[in-house]
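Printed here is final_32.csv (CSV, C-alpha atoms):
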```
chain,number,residue,atom,x,y,z
A,478,MET,CA,38.7,28.0,62.8
A,479,LYS,CA,40.7,29.9,65.3
A,480,LEU,CA,41.6,33.5,64.5
A,481,ARG,CA,44.9,34.8,65.5
A,482,PRO,CA,45.2,38.4,66.8
A,483,ALA,CA,46.7,40.9,64.4
A,484,PRO,CA,50.3,41.8,65.2
A,485,ARG,CA,50.9,45.1,67.0
A,486,LEU,CA,52.2,47.4,64.3
A,487,GLY,CA,51.6,50.6,66.2
A,488,PRO,CA,55.2,51.1,67.5
A,489,ALA,CA,56.8,50.0,64.2
A,490,VAL,CA,54.6,52.3,62.2
A,491,PHE,CA,55.3,55.2,64.5
A,492,LEU,CA,59.1,54.7,64.3
A,493,LEU,CA,58.9,54.4,60.5
A,494,ALA,CA,56.9,57.7,60.3
A,495,LEU,CA,59.4,59.4,62.7
A,496,VAL,CA,62.4,58.3,60.6
A,497,LEU,CA,60.7,59.4,57.3
A,498,SER,CA,59.7,62.7,58.8
A,499,ALA,CA,63.3,63.3,60.0
A,500,GLN,CA,64.7,62.5,56.6
A,501,ALA,CA,62.1,64.7,54.9
A,502,ALA,CA,63.2,67.6,57.2
A,503,VAL,CA,66.7,67.7,55.6
A,504,MET,CA,65.3,67.3,52.1
A,505,PHE,CA,64.6,70.1,49.5
A,506,GLY,CA,62.4,72.8,51.1
A,507,GLY,CA,63.0,71.5,54.6
A,508,ILE,CA,64.9,72.9,57.6
A,509,ALA,CA,68.2,71.8,59.0
A,510,TYR,CA,70.3,72.9,62.0
A,511,THR,CA,74.1,73.1,62.2
A,512,LYS,CA,75.4,70.6,64.7
A,513,ARG,CA,79.1,71.5,64.8
A,514,LEU,CA,80.8,74.4,66.7
A,515,LYS,CA,81.7,75.8,63.3
A,516,THR,CA,80.1,74.6,60.1
A,517,VAL,CA,81.9,75.6,56.9
A,518,LEU,CA,79.6,76.1,53.8
A,519,LEU,CA,81.3,75.1,50.5
A,520,ALA,CA,81.1,76.6,47.1
A,521,GLU,CA,80.4,73.2,45.5
A,522,PRO,CA,79.2,69.8,46.7
A,523,SER,CA,82.7,68.4,47.3
A,524,PRO,CA,84.9,68.1,50.4
A,525,LEU,CA,87.7,69.9,48.6
A,526,ALA,CA,85.7,72.9,47.4
A,527,GLN,CA,86.5,76.4,48.4
A,528,PRO,CA,84.7,77.8,51.5
A,529,ALA,CA,81.7,79.9,50.8
A,530,GLY,CA,80.8,80.9,54.4
A,531,GLU,CA,80.8,79.8,58.0
A,532,LEU,CA,78.0,79.3,60.5
A,533,ALA,CA,78.0,78.9,64.2
A,534,PHE,CA,76.5,76.0,66.2
A,535,GLY,CA,72.7,75.6,66.2
A,536,ARG,CA,71.9,77.9,63.2
A,537,LYS,CA,68.6,77.2,61.5
A,538,LEU,CA,69.1,76.7,57.7
A,539,ALA,CA,66.8,76.4,54.7
A,540,VAL,CA,67.5,73.4,52.5
A,541,ASN,CA,67.4,74.7,48.9
A,542,GLU,CA,68.7,71.7,47.0
A,543,THR,CA,69.9,68.2,47.5
A,544,ARG,CA,72.5,66.2,45.6
A,545,GLY,CA,73.1,62.8,47.1
A,546,ASN,CA,74.5,63.4,50.6
A,547,TRP,CA,75.1,67.1,49.9
A,548,LEU,CA,72.6,69.9,50.8
A,549,ARG,CA,72.6,73.4,49.4
A,550,VAL,CA,71.6,75.5,52.4
A,551,SER,CA,71.1,79.1,53.2
A,552,ASP,CA,70.9,81.3,56.3
A,553,GLY,CA,69.8,84.7,55.0
A,554,PRO,CA,72.5,86.0,52.6
A,555,ILE,CA,74.9,83.1,53.5
A,556,ALA,CA,74.5,80.1,51.2
A,557,GLY,CA,76.6,77.1,50.3
A,558,TRP,CA,76.9,73.3,50.3
A,559,VAL,CA,77.2,71.2,53.3
A,560,PHE,CA,77.6,67.4,53.8
A,561,ALA,CA,74.3,66.1,55.3
A,562,GLY,CA,76.2,64.5,58.2
A,563,ASN,CA,77.1,68.0,59.4
A,564,VAL,CA,73.5,69.1,60.0
A,565,SER,CA,70.6,67.8,62.0
A,566,ALA,CA,66.9,67.7,61.3
A,567,THR,CA,66.2,68.7,64.9
A,568,GLU,CA,67.5,71.7,66.8
A,569,PRO,CA,70.6,70.6,68.8
A,570,VAL,CA,70.7,71.2,72.6
A,571,VAL,CA,73.5,73.3,73.8
A,572,ALA,CA,75.5,71.3,76.4
A,573,LYS,CA,77.1,73.4,79.2
A,574,GLY,CA,80.3,72.5,81.0
A,575,LEU,CA,80.8,73.1,84.7
A,576,ASP,CA,82.0,76.6,84.0
A,577,GLY,CA,78.7,77.4,82.1
A,578,LEU,CA,80.4,77.7,78.7
A,579,PRO,CA,79.4,75.5,75.8
A,580,ILE,CA,81.5,72.4,75.4
A,581,ALA,CA,83.5,72.6,72.2
A,582,ALA,CA,83.8,68.9,71.4
A,583,SER,CA,85.1,69.6,67.9
A,584,LYS,CA,88.1,71.3,69.5
A,585,THR,CA,89.1,68.0,71.2
A,586,THR,CA,89.3,65.6,68.3
A,587,ALA,CA,92.5,63.5,68.0
A,588,THR,CA,93.5,65.5,64.9
A,589,ALA,CA,93.1,68.9,66.6
A,590,ALA,CA,94.8,67.6,69.8
A,591,ALA,CA,97.8,66.2,67.9
A,592,ARG,CA,98.5,69.3,65.8
A,593,PRO,CA,99.9,71.5,68.6
A,594,LEU,CA,101.9,68.5,70.0
A,595,THR,CA,104.1,68.2,67.0
A,596,PRO,CA,106.8,70.6,68.3
A,597,VAL,CA,106.4,69.2,71.8
A,598,GLY,CA,106.9,65.6,70.4
A,599,ALA,CA,110.1,66.6,68.6
A,600,GLU,CA,111.4,68.3,71.7
A,601,TYR,CA,110.6,65.3,73.9
A,602,ALA,CA,112.4,63.0,71.4
A,603,THR,CA,115.5,65.2,71.6
A,604,GLN,CA,115.5,65.4,75.4
A,605,HIS,CA,115.1,61.6,75.9
A,606,ASN,CA,117.5,60.5,73.1
A,607,LEU,CA,114.7,59.0,71.1
A,608,ALA,CA,116.3,59.8,67.7
A,609,GLY,CA,114.3,56.9,66.1
A,610,ALA,CA,111.0,58.4,67.4
A,611,ARG,CA,112.0,61.8,66.1
A,612,ASN,CA,112.9,60.4,62.7
A,613,ASP,CA,109.6,58.5,62.6
A,614,LEU,CA,107.7,61.7,63.5
A,615,GLU,CA,109.5,63.7,60.7
A,616,TRP,CA,108.9,60.9,58.2
A,617,MET,CA,105.2,60.8,59.1
A,618,LEU,CA,104.9,64.5,58.7
A,619,SER,CA,106.6,64.4,55.3
A,620,GLN,CA,104.3,61.6,54.1
A,621,CYS,CA,101.2,63.6,55.2
A,622,SER,CA,102.4,66.7,53.3
A,623,ALA,CA,103.0,64.6,50.2
A,624,ILE,CA,99.3,63.5,49.9
A,625,THR,CA,97.4,65.6,47.4
A,626,PRO,CA,93.7,66.6,47.7
A,627,GLN,CA,92.9,64.5,44.6
A,628,GLN,CA,94.4,61.4,46.2
A,629,ILE,CA,92.2,62.0,49.2
A,630,GLU,CA,89.1,62.3,47.1
A,631,ASP,CA,90.1,59.2,45.1
A,632,PHE,CA,90.5,57.2,48.3
A,633,LEU,CA,87.1,58.4,49.6
A,634,LYS,CA,85.4,57.3,46.4
A,635,THR,CA,87.2,54.0,46.2
A,636,GLU,CA,86.5,53.1,49.8
A,637,GLY,CA,83.0,54.5,49.9
A,638,ARG,CA,83.8,56.8,52.8
A,639,GLY,CA,82.7,60.3,53.7
A,640,GLU,CA,80.1,61.8,51.3
A,641,PHE,CA,80.7,58.9,48.9
A,642,GLN,CA,79.1,56.3,51.3
```

So that I can check it, write out the structure of this file as structure tokens.
Amino acid sequence: MKLRPAPRLGPAVFLLALVLSAQAAVMFGGIAYTKRLKTVLLAEPSPLAQPAGELAFGRKLAVNETRGNWLRVSDGPIAGWVFAGNVSATEPVVAKGLDGLPIAASKTTATAAARPLTPVGAEYATQHNLAGARNDLEWMLSQCSAITPQQIEDFLKTEGRGEFQ
């Protein structure tokens, strides 16, 4: 009878322990860190809830309660709900740009970048006789303003997106 060597489970066990300890860190009684330039705390565990406070990047938070993907956190007197994807179990490293200032990646999202371009886009369409493009832009803006917060929440629930995943 030939004995086979036992499989090497060391790395797999280590990784599993690491993942579980990271998850435990953002559970009730754990610690979490804000990982966005500006983290808005909400009054309720809902993306459409009223803001309850605002915290800067890298703030250490106490996790007081969990509800699904939502965490009730506090930083001294400031407390509120935050989506778990907006915090980290480990303290984030501050990246520095060439000028030595923190890089504000959240300021460069497609949504943030497009907002100030709306008047520029309309002006460009007028200057270049792009009436169709201008009409399309105006139609798109009117459609966006017609969407209600309840429709957004219903869509997120139906599609299993955001905090409903």

So which residues touch Gly562 of chain A within 12 Å, counting only C-alpha atoms, skipping near sequence neighbours fewer than 3 positions away, as a VMD selection string? chain A and resid 500 503 509 to 513 516 545 to 548 558 to 559 565 to 566 639 to 642

Could you tell me how far atom CA of Asn541 of chain A sits from atom CA of Gly506 of chain A, in Å to one decimal place?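 Taking atom CA of Gly506 of chain A as the start and atom CA of Asn541 of chain A as the end point, the length is 5.8 Å.
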
State, in Å with one decimal place, the distance from atom CA of Ala526 of chain A to atom CA of Arg549 of chain A. 13.3 Å

In Å, rounded to a single decimal, give me how far atom CA of Lys537 of chain A is from atom CA of Ser551 of chain A.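 Taking atom CA of Ser551 of chain A as the start and atom CA of Lys537 of chain A as the end point, the length is 8.9 Å.
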